[in-house]
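So this one's data_16.csv, CSV, C-alpha atoms:
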```
chain,number,residue,atom,x,y,z
X,1,MET,CA,0.0,0.0,0.0
X,2,PHE,CA,3.0,2.3,0.5
X,3,LYS,CA,5.9,2.8,-1.9
X,4,GLN,CA,9.1,4.6,-1.2
X,5,LEU,CA,10.9,5.8,-4.3
X,6,SER,CA,14.2,7.3,-5.3
X,7,LEU,CA,12.8,9.8,-7.7
X,8,LEU,CA,15.0,12.9,-8.3
X,9,ASN,CA,18.7,13.3,-8.8
X,10,GLN,CA,20.7,16.1,-7.1
X,11,ALA,CA,20.6,18.4,-10.1
X,12,GLN,CA,16.8,18.1,-10.3
X,13,VAL,CA,16.5,18.8,-6.5
X,14,ASN,CA,18.8,21.8,-6.9
X,15,GLU,CA,16.7,23.1,-9.8
X,16,LEU,CA,13.4,22.8,-7.9
X,17,LYS,CA,14.9,24.5,-4.8
X,18,ASP,CA,16.1,27.3,-7.1
X,19,ILE,CA,12.7,27.7,-8.6
X,20,ALA,CA,11.2,27.8,-5.0
X,21,GLU,CA,13.7,30.5,-3.9
X,22,LYS,CA,12.7,32.7,-6.9
X,23,SER,CA,9.0,32.2,-6.6
X,24,GLN,CA,6.2,33.7,-4.5
X,25,PHE,CA,4.6,31.5,-1.8
X,26,VAL,CA,1.2,32.2,-0.2
X,27,ASP,CA,-1.0,30.8,2.6
X,28,GLY,CA,-1.9,27.3,1.7
X,29,LYS,CA,-5.5,28.0,2.6
X,30,ILE,CA,-5.8,29.7,-0.8
X,31,SER,CA,-6.7,26.3,-2.2
X,32,ASN,CA,-8.8,25.2,0.7
X,33,PRO,CA,-10.2,28.3,2.4
X,34,HIS,CA,-12.5,26.4,4.7
X,35,SER,CA,-9.8,24.2,6.2
X,36,LYS,CA,-9.2,24.6,10.0
X,37,ILE,CA,-6.2,22.2,9.9
X,38,LYS,CA,-4.1,23.4,7.0
X,39,ASN,CA,-1.2,25.6,8.0
X,40,ASN,CA,1.4,25.8,5.4
X,41,LEU,CA,2.7,27.8,2.4
X,42,GLN,CA,2.3,26.9,-1.3
X,43,LEU,CA,4.0,28.1,-4.5
X,44,HIS,CA,2.0,30.8,-6.2
X,45,ASP,CA,3.9,31.7,-9.3
X,46,VAL,CA,2.6,30.6,-12.7
X,47,LYS,CA,6.0,30.2,-14.4
X,48,GLY,CA,7.5,28.6,-11.4
X,49,TYR,CA,4.6,26.2,-11.0
X,50,GLU,CA,4.6,25.2,-14.7
X,51,LYS,CA,8.4,24.5,-14.7
X,52,SER,CA,8.5,22.7,-11.3
X,53,SER,CA,5.5,20.6,-12.0
X,54,GLN,CA,6.8,19.5,-15.4
X,55,ILE,CA,10.1,18.4,-13.8
X,56,LEU,CA,8.3,16.4,-11.2
X,57,LEU,CA,5.8,14.9,-13.7
X,58,ASP,CA,8.6,13.8,-16.0
X,59,ALA,CA,10.4,12.3,-13.1
X,60,LEU,CA,7.4,10.3,-12.0
X,61,MET,CA,6.4,9.0,-15.4
X,62,SER,CA,10.0,8.0,-16.2
X,63,ASN,CA,10.3,6.0,-12.9
X,64,PRO,CA,9.4,2.4,-13.6
X,65,GLU,CA,8.8,1.6,-9.9
X,66,PHE,CA,6.3,4.4,-9.6
X,67,VAL,CA,4.5,3.5,-12.9
X,68,ASP,CA,4.3,-0.2,-11.9
X,69,PHE,CA,3.0,0.6,-8.4
X,70,ALA,CA,0.6,3.4,-9.2
X,71,LEU,CA,-0.5,2.4,-12.8
X,72,PRO,CA,-1.2,6.1,-13.3
X,73,GLU,CA,-4.1,7.2,-15.6
X,74,LYS,CA,-3.9,10.9,-14.6
X,75,ILE,CA,-1.6,12.9,-12.3
X,76,ALA,CA,-2.3,16.3,-10.8
X,77,PRO,CA,0.5,18.8,-11.5
X,78,PRO,CA,2.8,18.5,-8.4
X,79,LEU,CA,2.8,21.6,-6.1
X,80,ILE,CA,5.7,22.7,-4.0
X,81,THR,CA,4.8,23.5,-0.4
X,82,ARG,CA,6.7,24.9,2.6
X,83,TYR,CA,6.4,24.5,6.3
X,84,ARG,CA,8.1,26.9,8.7
X,85,PRO,CA,8.3,26.8,12.5
X,86,GLY,CA,4.8,26.5,14.0
X,87,MET,CA,3.2,25.2,10.8
X,88,ASN,CA,1.6,21.8,10.3
X,89,TYR,CA,-1.3,20.0,8.5
X,90,GLY,CA,-3.7,18.3,10.8
X,91,LEU,CA,-5.0,14.8,10.5
X,92,HIS,CA,-7.1,14.4,7.3
X,93,ALA,CA,-7.9,12.2,4.4
X,94,ASP,CA,-7.4,13.7,0.9
X,95,SER,CA,-10.4,14.8,-1.1
X,96,ALA,CA,-11.7,12.1,-3.4
X,97,ILE,CA,-12.0,14.5,-6.3
X,98,ILE,CA,-9.3,17.0,-7.2
X,99,PRO,CA,-10.5,19.8,-9.4
X,100,LEU,CA,-8.1,20.8,-12.2
X,101,PRO,CA,-8.3,23.2,-15.2
X,102,ASP,CA,-8.5,20.2,-17.6
X,103,GLY,CA,-11.2,18.5,-15.5
X,104,PRO,CA,-11.3,16.7,-12.1
X,105,ILE,CA,-9.4,13.6,-11.2
X,106,ARG,CA,-10.1,10.9,-8.6
X,107,SER,CA,-7.4,10.7,-6.0
X,108,ASP,CA,-6.5,7.0,-5.5
X,109,LEU,CA,-3.0,7.7,-4.4
X,110,SER,CA,-1.2,10.7,-2.8
X,111,CYS,CA,2.5,11.3,-3.3
X,112,THR,CA,4.9,13.4,-1.3
X,113,VAL,CA,8.3,14.3,-2.8
X,114,PHE,CA,10.9,15.4,-0.3
X,115,LEU,CA,13.0,18.4,-1.2
X,116,SER,CA,14.6,19.7,2.0
X,117,ASP,CA,17.3,17.9,3.9
X,118,VAL,CA,16.1,16.1,7.1
X,119,SER,CA,18.8,18.1,9.0
X,120,ASP,CA,17.2,21.4,7.8
X,121,CYS,CA,14.1,20.7,9.8
X,122,LYS,CA,13.0,19.4,13.2
X,123,GLY,CA,9.5,17.9,13.3
X,124,GLY,CA,7.5,17.9,10.1
X,125,ALA,CA,7.3,14.2,9.6
X,126,LEU,CA,4.5,12.8,7.4
X,127,HIS,CA,2.5,10.6,9.7
X,128,VAL,CA,0.2,8.1,8.0
X,129,THR,CA,-2.2,6.0,10.2
X,130,GLN,CA,-3.4,2.5,9.6
X,131,GLY,CA,-6.0,1.6,12.2
X,132,GLU,CA,-4.3,2.0,15.6
X,133,ALA,CA,-0.8,1.9,14.0
X,134,GLY,CA,1.0,4.6,12.1
X,135,MET,CA,4.1,5.2,10.1
X,136,ARG,CA,6.3,8.3,9.9
X,137,PHE,CA,8.1,9.4,6.8
X,138,LYS,CA,10.8,12.0,6.5
X,139,GLY,CA,12.8,11.3,3.4
X,140,THR,CA,16.1,12.6,2.0
X,141,PRO,CA,16.0,15.1,-0.9
X,142,GLY,CA,14.8,13.5,-4.1
X,143,THR,CA,13.0,10.6,-2.4
X,144,ALA,CA,9.2,10.2,-2.4
X,145,ILE,CA,6.4,8.2,-0.7
X,146,ALA,CA,3.2,7.2,-2.4
X,147,TYR,CA,0.3,6.0,-0.3
X,148,PRO,CA,-3.5,5.6,-0.6
X,149,SER,CA,-5.3,8.9,-0.5
X,150,TYR,CA,-8.1,7.5,1.8
X,151,THR,CA,-5.7,7.0,4.7
X,152,LEU,CA,-5.8,9.5,7.5
X,153,HIS,CA,-2.5,11.3,7.6
X,154,GLU,CA,-0.9,14.5,8.9
X,155,VAL,CA,2.2,16.7,8.7
X,156,GLU,CA,3.5,17.0,12.2
X,157,PRO,CA,4.4,20.5,13.5
X,158,VAL,CA,7.7,21.9,12.4
X,159,THR,CA,9.6,23.2,15.4
X,160,GLU,CA,12.8,24.4,13.7
X,161,GLY,CA,14.0,25.1,10.2
X,162,GLU,CA,11.9,24.5,7.1
X,163,ARG,CA,10.2,21.5,5.5
X,164,MET,CA,9.9,21.8,1.7
X,165,VAL,CA,8.1,19.1,-0.3
X,166,ALA,CA,6.1,18.7,-3.5
X,167,ILE,CA,2.7,17.0,-3.4
X,168,THR,CA,0.5,15.4,-6.0
X,169,PHE,CA,-2.5,13.1,-6.5
X,170,ILE,CA,-2.8,10.1,-8.9
X,171,GLN,CA,-5.8,8.6,-10.5
X,172,SER,CA,-4.9,5.0,-11.2
X,173,LYS,CA,-6.0,2.8,-14.0
X,174,ILE,CA,-7.0,0.3,-11.3
X,175,ARG,CA,-9.3,2.0,-8.7
X,176,ASP,CA,-9.3,-0.8,-6.1
X,177,VAL,CA,-6.1,-0.8,-3.9
X,178,MET,CA,-6.2,-4.6,-3.4
X,179,LYS,CA,-6.4,-5.3,-7.1
X,180,ARG,CA,-3.7,-2.8,-7.8
X,181,ASN,CA,-1.4,-4.4,-5.2
X,182,LEU,CA,-2.0,-7.9,-6.7
X,183,LEU,CA,-1.0,-6.7,-10.1
X,184,TYR,CA,2.1,-5.0,-8.7
X,185,GLU,CA,3.1,-8.3,-6.9
X,186,LEU,CA,2.6,-10.3,-10.1
X,187,ASN,CA,4.7,-7.8,-12.0
X,188,GLU,CA,7.4,-8.0,-9.4
X,189,VAL,CA,7.4,-11.8,-9.6
X,190,ALA,CA,7.6,-11.6,-13.4
X,191,ALA,CA,10.5,-9.2,-13.3
X,192,LEU,CA,12.5,-11.0,-10.7
X,193,GLU,CA,11.9,-14.6,-11.7
X,194,GLY,CA,10.9,-14.4,-15.4
X,195,LEU,CA,14.3,-15.3,-16.7
X,196,ASN,CA,14.4,-18.4,-14.5
X,197,MET,CA,11.0,-19.7,-15.7
X,198,ARG,CA,10.3,-22.0,-18.6
X,199,HIS,CA,9.2,-19.8,-21.5
X,200,GLU,CA,5.7,-21.4,-21.6
X,201,ASN,CA,5.2,-20.7,-17.9
X,202,TYR,CA,6.4,-17.1,-18.2
X,203,THR,CA,4.0,-16.6,-21.1
X,204,ARG,CA,1.1,-18.0,-18.9
X,205,LEU,CA,2.0,-15.6,-16.1
X,206,GLN,CA,2.0,-12.7,-18.5
X,207,ALA,CA,-1.4,-13.8,-19.8
X,208,VAL,CA,-2.8,-13.8,-16.3
X,209,GLN,CA,-1.4,-10.3,-15.7
X,210,TYR,CA,-2.9,-8.9,-19.0
X,211,ASN,CA,-6.3,-10.6,-18.5
X,212,LEU,CA,-6.6,-9.3,-15.0
X,213,MET,CA,-5.8,-5.8,-16.3
X,214,ARG,CA,-8.4,-6.1,-19.0
X,215,ARG,CA,-11.0,-7.2,-16.4
X,216,TRP,CA,-10.1,-4.5,-13.8
X,217,MET,CA,-9.1,-1.5,-15.8
X,218,GLU,CA,-11.7,1.3,-16.0
```

Before anything else, please render the file you have as structure tokens.
Amino acid sequence: MFKQLSLLNQAQVNELKDIAEKSQFVDGKISNPHSKIKNNLQLHDVKGYEKSSQILLDALMSNPEFVDFALPEKIAPPLITRYRPGMNYGLHADSAIIPLPDGPIRSDLSCTVFLSDVSDCKGGALHVTQGEAGMRFKGTPGTAIAYPSYTLHEVEPVTEGERMVAITFIQSKIRDVMKRNLLYELNEVAALEGLNMRHENYTRLQAVQYNLMRRWME
């Protein structure tokens, strides 16, 4: 259900940080004015947004692990956000429908791309809950975490320094998380063991994958 990714190289991280430094940021409530739990800043510069989101979209779609895990149909343009001391984002599930200029998408997966170094910030972990359990993510620059949008999650308060990340939402070709995970596992087995299989058995495994996708894709 969760996938940690090595997404960006250092040059891409540096370019995104440079864009952020040259761009205007505004109160994150501009995109959710009724929220009582959102307390952050988000990039608010047309050219900066277009350039940074394209870098991030290209990185996501050229990452085989992400594509195999998410089976993306549509991706919201990633948005750079900042958290400074005292800022946080309280416990919430992401909206099921994300409005975009080209039409809304359904959020099956959420993705956070880490841009600031963990030593630049105290606090600010992404806390994702599963029942009574929870996991905290605070990745190194260029790494990312993808997770189901329906999970309750929060950004814990930043106490020192600055947390800078990019966030996006993915509509998958396979809406159901269990079906999507089964396809991912089959793909992993095929990739890891395919060369060791007899050709006819590998062909049968591929046929199962393809036919499940035909049955489950929307």

State, in Å with one decimal place, the distance from CA of Asn88 (chain X) to CA of Thr151 (chain X). 17.4 Å

Counting all atoms listed in the file, which residue out of X:Arg175, X:Leu192, X:Lys3, X:Asn14 sits closest to Phe137 (chain X)? X:Lys3

Name all residues at most 10 Å from Leu115 (chain X) (count only C-alpha atoms; drop same-chain ones fewer than 3 positions away) and give them as a list in words.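 With the cut-off at 10 Å, the set is Leu8, Gln10, Gln12, Val13, Asn14, Leu16, Lys17, Ile80, Thr81, Arg82, Thr112, Val118, Gly139, Thr140, Pro141, Gly142, Thr143, Ala144, Arg163, Met164, Val165 and Ala166 of chain X.
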
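Each of X:Lys29, X:His34, X:Arg198, X:Arg84 was compared to Thr159 (chain X) using all atoms listed in the file, and X:Arg84 turns out to be the nearest.
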
Between CA of Ser6 (chain X) and CA of Lys122 (chain X), distance in Å (one decimal):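 If I compute the distance from CA of Ser6 (chain X) to CA of Lys122 (chain X), I get 22.1 Å.
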
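For Lys173 (chain X), the residues within 8 Å (counting all atoms listed in the file, excluding itself and residues fewer than 6 positions away along the chain) are X:Leu71, X:Pro72, X:Glu73, X:Met217, X:Glu218.
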
Best match for closeness to Ser53 (chain X) among X:Ala20, X:Cys121, X:Met178, X:Ala70, counting only C-alpha atoms: X:Ala20

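Taking all atoms listed in the file, the non-local environment of Val158 (chain X) within 6 Å (same-chain residues fewer than 5 positions away omitted) comprises Pro85, Gly86, Met87, Lys122, Gly123 and Gly124 of chain X.
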
I'd like the contact shell of Phe25 (chain X) - 8 Å cut-off, only C-alpha atoms, skipping same-chain residues fewer than 3 positions apart - returned as a ChimeraX atom specification. /X:41-45

For a quick check of understanding, using all atoms listed in the file, which of X:Met213, X:Ile55, X:Ile97, X:Leu205 has the smallest distance to Glu15 (chain X)?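 The shortest atom-to-atom distance to Glu15 (chain X) comes from X:Ile55.
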
What gap, in Å, lies between CA of Met1 (chain X) and CA of Tyr49 (chain X)?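 Rounded to one decimal, the two atoms are 28.8 Å apart.
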
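Remark: for Arg180 (chain X), the closest of the candidate residues X:Asp108, X:Glu160, X:Asp120, X:Glu154 is X:Asp108 (distances computed over only C-alpha atoms).
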
Please identify all polymer residues lying at most 8 Å from the point (3.8, 10.4, 11.4) (file coordinates), using only C-alpha atoms, and present the result as an MDAnalysis selection string. chainID X and resid 125:129 134:137 153:156

Please determine, counting only C-alpha atoms, which residue among X:Gln209, X:Asn32, X:Gln4, X:Ser149 has the shortest atom-to-atom distance to Leu182 (chain X).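 Checking each candidate against Leu182 (chain X), we get X:Gln209 as the closest.
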
Take the point (4.4, 11.4, -6.3) as written in the file and pick out every residue within 10 Å of it, counting all atoms listed in the file; give the list as number ranges by chain. X: 3-5, 7, 56-57, 59-61, 66, 70, 75-78, 109-114, 143-147, 166-170
